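Asks: After the structure tokens below, expect a handful of questions from me.
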Amino acid sequence: MTAPLEAPADAAPETVLAGVGAKAIEGRSLGQIAWMRLRRDKVAIAGGIFILFLILVAIVGPHLVQDPTVYNANLIDPTLSAPRGPFGGISLAHPFGVEPVTGRDVLSRVVNGAQVSLLIAFLATALAVIIGVFMGVVAGFFGGWADAVIARSMDVFLAFPLLLFAIALVGVIPSSAFGLSGNSLRIGLLIFVIGFFAWPYMGRIIRGQTLSLREREFVDAARSLGARGPYVLFRELLPNLWGPILVYTTLLIPTNILFEAALSYLGVGIIPPTPSWGGMLSDAVNSGFYAIDPMYMIIPGLAIFLTVLAFNLFGDGLRDALDPRSAR
Amino acid sequence: MGVTAFGAVAALALAACSSSTSTTSGGPTPATGFNAGITHVMNPSSQKGGTLNFASSSGIPDSTDPGNTYYAQMWNLSRLYAMPLMTYKSCPGKCGGQVVPMLATAPGVISDNGLTWTYHIQPNVHFEDGTLVTSSDVKYAVERTFDRGKFPLGPGYFPALLAPQKPAYPGPYKDRSKNLMGLKAVETPNPTTIVFHLAKPFADFNYVVAIPQTAPVPPNKDTGANYQLHPISTGPYMFQSYQINKQLTMVPNPHWNPATDPNAKQLPSKIVLTFNVNPNDVDNRLLAGDIQVDLPGTGVQAAARTKILTTPSLKAQSDNPVSGFSWFFGLNTRVPPLTNIHCRMAIEYAANKTNNQTAYGGPFAGGAIASTVAPPNVVGSVAASGKKFDLYEATTKPQGDLTKAKQQLQQCGQPNGFSTGITYRSDRPKEVSAAQAMQASLARVGIKLTLHGFPTATYTSNFAGVPKYVHSHDLGIIVYGWAPDWPDGYGEFYYIVHGAAISPVGNTNLEELNDPKVNSLLDKFATTTDAALRNSYTAQIDMQVMRDAAILPNVFAKALLYRSPKLTNVYVQSYYGMYNYAVLGLK
């Protein structure tokens with residue numbers, strides 16, 4: 001682009017310094033500015049680091065911890081069915097304690113549960129984002145009857161009693177379908193249900209953004225230069241939509257984590273003994289053991305809480321960084 | 001009768017020994033402590049007054065209509081407002097399993113080679129409005145049970161056992177005959193006599209008429225499905241107000257005569273039942289004394305259980321009776337490879353019975369590990385006799401015998417194990433735990449279980465009780481529980497092991513066992529009128545089912561009940577496996 005910036009290899013120190021100085025004066029790209037702002041937001045960075053840690057745990061964690069389905073009957077008081085020792089049987093071998101009744105290691109269940117919960121939340125979010133962005137852009141860009149149809153269908157989806165539908169659907173789907181069976185079928189089903197019904201949130205925002213963008217001068221300029229629909233869509237509009245897409249993706253993930261937890265809590269989530277956070281919460285509450293072994297409920301509850309909090313903080317920080325007008 | 005006499009003698013003896021013993025208590029010095037309420041009447045008293053409070057963590061499980069209920073808690077409660085022909089004697093210990101006359105004056109008189117049963121009813125029993133109860137009111141109550149559309153929830157014994165007529169009797173609401181008395185199999189020759197004509201001999205018929213379905217219903221007061229809102233009482237209490245699943249208030253029935261109903265008492269001046277209370281709140285209120293009885297009688301929750309078992313003063317105020325339920329795993333004899341008896345035996349040996357027991361709540365809330373099917377409150381059962389019959393080392397090697405399990409797998413031709421499904425009710429945490437415990441313990445010999453949970457409401461109607469579904473989904477192991485409708489071998493076994501009980505929908509013979517030896521013993525049971533001979537078949541049936549390895553027994557269920565110190569005349573009636581609700585009073 002600009003020749004003075006490229007310092008030759010044999011340049012004298014002065015010229016290199018001059019180059020640096022010149023770069024500092026040179027305008028930064030939007031991405032650089034956003035990254036700078038984000039970096040200054042310590043809370044958002046903490047959230048981001050926690051998310052990275054969580055992803056790492058979900059990927060490698062299950063290989064490092066014990067088998068989450070192994071019973072440790074010797075750690076359970078046979079009379080009360082509760083873990084021996086204080087705080088749900090916390091010990092060196094079981095840093096998060098053990099489950100009542102079964103004596104299964106809670107740490108390994110939380111770590112394995114992270115994998116299931118995050119997998120479902122991420123894929124469901126991806127599905128929702130893909131459908132939402134496509135529908136939103138189409139509705140906003142083309143307008144007219146396409147907009148009317150899509151906007152109305154979004155209203156329908158938003159008004160849908162999703163929880164009841166999910167419960168009914170999981171009840172009627174046979175134990176094997178679409179070439180899948182058992183938990184892989186259940187995970188696929190959850191991804192579909194959560195993702196397919198979450199897209200209107202994304203769709204509405206993208207539609208609004210597209211509507212305002214398509215009237216902007218640079219779009220008119222591209223059009224007057226003879227650019228056609230697809231070019232305008234992909235080269236002019238979409239790059240300007242990345243900000244909101246990124247922000248709302250980050251904010252959709254925690255919603256989906258909570259929704260997966262809610263479904264598991266209602267007994268239509270993952271099939272035992274595979275752990276999931278919502279399932280662990282549900283076990284603690286339904287068996288009544290939370291009252292005598294609070295750690296049984298606190299630990300998966302804390303996992304959900306911290307994860308959702310981290311995604312929300314990071315998402316808020318990202319939004320502030322990308323779109324300072326909306327900040328505070 | 002023998003028990004009463006013995007009690008009186010003991011009281012005299014005690015009074016003679018100790019001058020300080022109060023003679024007004026009317027019995028021996030009551031025992032105290034843990035489980036005392038199983039064998040003794042605690043706090044005997046005839047003091048009247050007070051409000052007796054029940055609470056339940058759910059709604060009414062089915063109905064307050066005596067003709068439309070199938071729950072032990074409701075059968076127990078219904079004795080406060082309904083008088084069936086027979087009932088279970090109000091007394092603690094084994095005595096509480098005896099069937100005795102209630103509205104009838106004596107047990108049924110058998111004639112016509114066991115096909116006809118005649119009952120005479122007491123001539124001076126009145127409904128709450130003062131009308132005299134006649135035999136046609138009882139007949140009308142029986143007729144109502146034929147309308148399965150209106151009353152689908154109660155047992156269906158009368159339509160199944162009574163002599164059929166053509167066209168089939170449609171129930172009183174479609175009955176076109178005079179005074180709605182169109183059921184021909186039941187005759188009322190005079191106002192105090194009722195005659196039942198059976199399709200074939202059925203020696204246990206006295207137990208059938210002890211179901212609340214024979215409690216008289218006045219035809220002109222019957223409001224069909226709404227009758228549950230105010231059943232016309234013949235017992236010591238009558239409905240004052242009732243909001244379904246919220247609150248039921250009962251007050252003393254002025255037309256009840258204690259002389260006609262020795263198995264019930266009229267002590268509290270009001271009885272209030274509150275529904276849909278949070279389960280832990282029920283326990284807390286019970287321990288605090290705000291309520292006196294937990295209606296379902298299935299025991300306290302985990303939190304209260306810990307509190308009671310670890311606090312000696314609370315433990316002394318609790319009872320841990322056998323509830324009458326047995327929890328078991330049905331091993332389906334039609335699902336390969338469980339068609340081979342050795343594969344079923346491998347499961348019997350490999351299961352970790354201790355973990356299964358823990359899944360159900362351990363020795364107090366779950367129950368004792370069982371090696372046979374019938375629980376100890378069934379007359380003549382192996383468990384009651386104290387005889388040892390433990391084919392698969394359930395009590396001697398409760399962790400499972402893996403060597404023997406592997407030998408059986410060899411004989412079955414599946415040396416490396418096999419795969420099959422296990423079903424359970426996904427909304428029952430104990431069954432979810434039990435299925436997982438089985439999965440973990442059978443994996444030790446290579447038997448891989450896949451878990452299939454279904455909601456309780458449709459478990460037997462759509463899934464585990466539909467053999468076609470079970471076969472097509474390879475569901476070899478079915479988690480189930482059973483409490484007999486009456487405490488003898490026929491009530492216990494017919495529906496869960498007789499070949500004729502296998503049905504395409506709502507099947508309860510989950511093993512689909514059709515063993516001629518078992519079938520013929522049960523058929524003989526149904527026609528043998530000699531009670532001692534009849535009850536001797538119970539153990540034989542049990543042993544044969546175990547030889548067939550069709551059922552893997554888990555526990556004979558127990559419930560940890562808190563005996564509120566405010567209650568008088570409180571004891572566990574063995575038939576219900578909970579406190580007898582018909583005789584309670586307040587201090």
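In the structure tokens, chains take the letters A, B, ... in the order shown, each chain's residues start at 1, and ligands count up from 1 in the order shown.
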Please check the contacts: residues of chain B at most 7 Å away from chain A, using only C-alpha atoms, listed as a PyMOL selection string.

Replies: chain B and resi 301-303+306+358-359+361-364+426+429+436

Asks: Restricting it to C-alpha atoms, dump the selection as a PDB file, in the first residue's frame.

Replies:
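Below is the file that was written, out13.pdb:
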ATOM      1  CA  GLN B 301     -37.329 -37.729  51.802  1.00  0.00           C
ATOM      2  CA  ALA B 302     -33.548 -38.068  51.918  1.00  0.00           C
ATOM      3  CA  ALA B 303     -33.040 -34.966  54.082  1.00  0.00           C
ATOM      4  CA  THR B 306     -30.773 -38.453  57.476  1.00  0.00           C
ATOM      5  CA  THR B 358     -28.433 -48.413  47.479  1.00  0.00           C
ATOM      6  CA  ALA B 359     -30.111 -47.179  44.293  1.00  0.00           C
ATOM      7  CA  GLY B 361     -32.333 -45.808  49.097  1.00  0.00           C
ATOM      8  CA  GLY B 362     -30.412 -48.358  51.168  1.00  0.00           C
ATOM      9  CA  PRO B 363     -31.710 -50.703  53.861  1.00  0.00           C
ATOM     10  CA  PHE B 364     -34.114 -48.195  55.496  1.00  0.00           C
ATOM     11  CA  SER B 426     -37.231 -41.820  33.758  1.00  0.00           C
ATOM     12  CA  PRO B 429     -34.817 -41.173  40.355  1.00  0.00           C
ATOM     13  CA  GLN B 436     -27.404 -47.395  35.867  1.00  0.00           C
TER      14      GLN B 436
END

Asks: For a quick check of understanding, using only C-alpha atoms, which of B:Ile447, B:Val555, B:Leu522, B:Ala55 has the smallest distance to B:Ala539?

Replies: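 Closest to B:Ala539 of all the choices is B:Leu522.
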
Asks: Go through B:Leu103, B:Ala501, B:Leu391, B:Ile194 one by one, measure the shortest atom-to-atom distance of each to B:Pro123 using only C-alpha atoms, and give the residue with the smallest value.

Replies: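 Checking each of B:Leu103, B:Ala501, B:Leu391, B:Ile194 against B:Pro123, counting only C-alpha atoms, the winner is B:Leu103.
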
Asks: Extract, using only C-alpha atoms, all DNA, RNA and protein residues at most 12 Å from stretch 153-158 of chain B, discarding same-chain residues fewer than 5 positions from it, and format them as a PyMOL selection string.

Replies: chain B and resi 61-72+74-75+139+141-148+163-164+169+171+183+185-186+196-199+202+204-205+207-214+225+484-486+491+495

Asks: Can you spit out the residues from that selection as a compact mmCIF listing (two decimals), in the first residue's frame, using C-alpha atoms?

Replies:
# COMPACT_ATOMS: atom_id res chain seq x y z
CA PRO B 61 -53.13 -39.98 42.95
CA ASP B 62 -56.33 -41.05 41.22
CA SER B 63 -59.68 -40.33 42.86
CA THR B 64 -61.55 -40.06 46.15
CA ASP B 65 -64.36 -42.08 44.53
CA PRO B 66 -64.11 -45.51 46.21
CA GLY B 67 -65.03 -47.08 42.86
CA ASN B 68 -62.24 -45.42 40.93
CA THR B 69 -59.03 -45.75 42.91
CA TYR B 70 -56.11 -48.17 42.95
CA TYR B 71 -53.69 -46.64 45.44
CA ALA B 72 -52.96 -48.06 48.89
CA MET B 74 -56.56 -44.00 48.99
CA TRP B 75 -57.83 -47.45 50.02
CA LYS B 139 -74.98 -53.90 43.81
CA ALA B 141 -71.55 -49.76 43.40
CA VAL B 142 -70.45 -53.00 41.71
CA GLU B 143 -72.36 -52.05 38.56
CA ARG B 144 -70.47 -48.75 38.38
CA THR B 145 -67.18 -50.62 38.03
CA PHE B 146 -68.39 -51.97 34.68
CA ASP B 147 -68.20 -48.48 33.16
CA ARG B 148 -64.50 -48.46 32.49
CA ALA B 163 -70.59 -64.45 35.08
CA PRO B 164 -70.91 -62.72 31.71
CA TYR B 169 -73.44 -55.24 30.87
CA GLY B 171 -72.61 -50.07 33.42
CA LEU B 183 -76.41 -56.63 36.14
CA ALA B 185 -74.52 -61.77 37.87
CA VAL B 186 -75.32 -59.95 41.11
CA PHE B 196 -72.45 -62.87 43.38
CA HIS B 197 -72.39 -65.39 40.50
CA LEU B 198 -68.90 -66.01 39.17
CA ALA B 199 -67.82 -67.17 35.72
CA PHE B 202 -62.38 -67.96 42.58
CA ASP B 204 -59.97 -65.32 46.87
CA PHE B 205 -63.31 -63.57 46.36
CA TYR B 207 -60.35 -60.24 49.14
CA VAL B 208 -62.00 -58.87 46.00
CA VAL B 209 -64.98 -57.52 47.93
CA ALA B 210 -62.59 -55.92 50.42
CA ILE B 211 -61.59 -53.47 47.69
CA PRO B 212 -63.41 -50.13 48.32
CA GLN B 213 -65.38 -50.71 45.10
CA THR B 214 -68.06 -52.59 47.08
CA ALA B 225 -67.45 -38.71 37.42
CA PRO B 484 -50.38 -57.23 45.38
CA ASP B 485 -54.02 -56.14 45.60
CA TRP B 486 -54.43 -58.59 48.46
CA GLY B 491 -52.78 -61.55 44.45
CA TYR B 495 -50.58 -60.68 37.12

Asks: When DSSP is applied to the backbone of this structure, which of stretch 348-425 of chain B are assigned helix (DSSP H, G or I)? Write them out as a short mmCIF file (atom, residue, chain, number, x, y, z; two decimals) with C-alpha atoms, in the first residue's frame.

Replies:
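Printed below is selection_37.cif as written:
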data_model
loop_
_atom_site.label_atom_id
_atom_site.label_comp_id
_atom_site.auth_asym_id
_atom_site.auth_seq_id
_atom_site.Cartn_x
_atom_site.Cartn_y
_atom_site.Cartn_z
CA GLU B 348 -28.96 -63.09 38.24
CA TYR B 349 -25.41 -63.90 39.30
CA ALA B 350 -23.66 -60.85 37.86
CA LYS B 353 -27.41 -56.45 44.68
CA THR B 354 -25.84 -54.03 47.16
CA ASN B 355 -25.62 -51.28 44.55
CA ASN B 356 -29.19 -51.99 43.49
CA GLN B 357 -30.29 -51.71 47.11
CA THR B 358 -28.43 -48.41 47.48
CA ALA B 359 -30.11 -47.18 44.29
CA GLY B 362 -30.41 -48.36 51.17
CA PRO B 363 -31.71 -50.70 53.86
CA PHE B 364 -34.11 -48.20 55.50
CA ALA B 365 -35.62 -46.27 52.62
CA VAL B 382 -40.85 -67.83 51.40
CA ALA B 383 -39.79 -64.50 52.85
CA ALA B 384 -42.42 -64.70 55.63
CA SER B 385 -41.62 -68.29 56.51
CA LEU B 402 -18.79 -63.15 38.45
CA THR B 403 -17.28 -66.63 38.11
CA LYS B 404 -20.68 -68.28 38.12
CA ALA B 405 -22.05 -65.58 35.84
CA LYS B 406 -19.33 -66.32 33.30
CA GLN B 407 -20.03 -70.07 33.54
CA GLN B 408 -23.67 -69.37 32.74
CA LEU B 409 -22.66 -67.18 29.82
CA GLN B 410 -20.58 -70.11 28.48
CA GLN B 411 -23.58 -72.41 28.73
CA CYS B 412 -25.72 -69.81 27.03
#

Asks: Can you pull out every residue within 6 Å of stretch 246-261 of chain A, counting only C-alpha atoms, but drop anything in the same chain fewer than 3 positions away, and send it as a PyMOL selection string?

Replies: chain A and resi 121+125+242-243+264-265+278+308+312+315+319

Asks: Export N, CA and C atoms of the chosen residues as an mmCIF file, in the first residue's frame?

Replies:
data_model
loop_
_atom_site.group_PDB
_atom_site.id
_atom_site.type_symbol
_atom_site.label_atom_id
_atom_site.label_comp_id
_atom_site.auth_asym_id
_atom_site.auth_seq_id
_atom_site.Cartn_x
_atom_site.Cartn_y
_atom_site.Cartn_z
ATOM 1 N N ALA A 121 -24.265 -26.692 22.944
ATOM 2 C CA ALA A 121 -24.471 -25.246 22.886
ATOM 3 C C ALA A 121 -23.797 -24.645 21.650
ATOM 4 N N THR A 125 -25.795 -23.195 18.481
ATOM 5 C CA THR A 125 -25.596 -21.788 18.171
ATOM 6 C C THR A 125 -25.185 -21.614 16.711
ATOM 7 N N TRP A 242 -20.273 -8.465 10.351
ATOM 8 C CA TRP A 242 -19.510 -9.379 11.209
ATOM 9 C C TRP A 242 -19.587 -9.000 12.673
ATOM 10 N N GLY A 243 -19.565 -7.686 12.918
ATOM 11 C CA GLY A 243 -19.606 -7.230 14.308
ATOM 12 C C GLY A 243 -20.816 -7.778 15.048
ATOM 13 N N SER A 264 -32.317 -31.011 30.035
ATOM 14 C CA SER A 264 -31.796 -32.145 30.802
ATOM 15 C C SER A 264 -32.464 -32.209 32.163
ATOM 16 N N TYR A 265 -32.709 -31.028 32.733
ATOM 17 C CA TYR A 265 -33.359 -30.984 34.043
ATOM 18 C C TYR A 265 -34.754 -31.590 33.957
ATOM 19 N N GLY A 278 -26.903 -30.038 33.173
ATOM 20 C CA GLY A 278 -28.324 -29.973 33.512
ATOM 21 C C GLY A 278 -28.797 -31.272 34.140
ATOM 22 N N VAL A 308 -21.903 -19.368 31.851
ATOM 23 C CA VAL A 308 -22.841 -18.393 31.292
ATOM 24 C C VAL A 308 -22.345 -16.984 31.569
ATOM 25 N N ASN A 312 -21.303 -14.152 28.793
ATOM 26 C CA ASN A 312 -22.014 -12.877 28.791
ATOM 27 C C ASN A 312 -21.054 -11.706 28.942
ATOM 28 N N GLY A 315 -19.117 -11.391 25.742
ATOM 29 C CA GLY A 315 -20.002 -10.883 24.686
ATOM 30 C C GLY A 315 -20.276 -9.400 24.858
ATOM 31 N N ARG A 319 -19.177 -6.422 22.316
ATOM 32 C CA ARG A 319 -20.128 -5.474 21.733
ATOM 33 C C ARG A 319 -19.649 -4.040 21.963
#

Asks: Identify, on the basis of only C-alpha atoms, every residue whose closest approach to stretch 417-422 of chain B does not exceed 9 Å; exclude the query and any residue fewer than 5 positions from it along the same chain; express the result as a PyMOL selection string.

Replies: chain B and resi 335-338+343+406+409-410+435+438-439+443+445-453+473-479

Asks: Can you tell me how far atom CA of B:Lys566 sits from atom CA of B:Lys270, in Å to one decimal?

Replies: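 Between atom CA of B:Lys566 and atom CA of B:Lys270 the gap works out to 14.9 Å.
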
Asks: As a list of chain:residue names, please: the residues near A:Gly48 (cut-off 12 Å, only C-alpha atoms, same-chain neighbours under 3 positions excluded).

Replies: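 So, after excluding close chain neighbours, the residues are A:Leu38, A:Arg39, A:Asp41, A:Lys42, A:Val43, A:Ala44, A:Ile45, A:Ile51, A:Leu52, A:Phe53, A:Leu54, A:Ile55, A:Thr250, A:Leu306, A:Thr307, A:Val308, A:Leu309, A:Ala310, A:Phe311, A:Asn312, A:Leu313, A:Phe314, A:Gly315, A:Asp316, A:Gly317, A:Leu318.
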
Asks: Could you write out the selected residues, including C-alpha atoms, as a tab-separated table (two decimals), in the first residue's frame?

Replies:
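Final output, saved to selection.tsv:
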chain	number	residue	atom	x	y	z
A	38	LEU	CA	-11.31	-5.11	24.11
A	39	ARG	CA	-7.82	-5.49	25.57
A	41	ASP	CA	-11.66	-4.29	29.15
A	42	LYS	CA	-10.19	-6.50	31.87
A	43	VAL	CA	-13.52	-8.14	32.72
A	44	ALA	CA	-14.16	-9.20	29.14
A	45	ILE	CA	-10.63	-10.57	28.84
A	51	ILE	CA	-13.93	-19.57	27.88
A	52	LEU	CA	-10.63	-20.71	26.35
A	53	PHE	CA	-9.89	-22.68	29.51
A	54	LEU	CA	-13.33	-24.25	29.34
A	55	ILE	CA	-12.90	-25.27	25.72
A	250	THR	CA	-21.31	-14.96	21.92
A	306	LEU	CA	-19.53	-19.43	35.64
A	307	THR	CA	-19.78	-20.50	32.01
A	308	VAL	CA	-22.84	-18.39	31.29
A	309	LEU	CA	-21.32	-15.45	33.15
A	310	ALA	CA	-18.05	-15.73	31.22
A	311	PHE	CA	-19.81	-15.80	27.86
A	312	ASN	CA	-22.01	-12.88	28.79
A	313	LEU	CA	-19.11	-10.74	30.04
A	314	PHE	CA	-17.06	-11.54	26.98
A	315	GLY	CA	-20.00	-10.88	24.69
A	316	ASP	CA	-20.73	-7.54	26.35
A	317	GLY	CA	-17.10	-6.54	26.10
A	318	LEU	CA	-17.04	-7.53	22.46

Asks: Tell me which protein, DNA and RNA residues are within 10 Å of A:Leu185, counting only C-alpha atoms, leaving out same-chain ones fewer than 3 positions away, and put them as a list in words.

Replies: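 So, after excluding close chain neighbours, the residues are Ile173, Pro174, Ser175, Ser176, Ala177, Phe178, Gly179, Leu180, Ser181, Gly182, Gly188, Leu189, Leu190, Ile191 and Ile270 of chain A.
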
Asks: If you measure from atom CA of B:Leu533 to atom CA of B:Val378, what distance in Å do you get, rounded to one decimal?

Replies: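 Atom CA of B:Val378 lies 14.8 Å from atom CA of B:Leu533.
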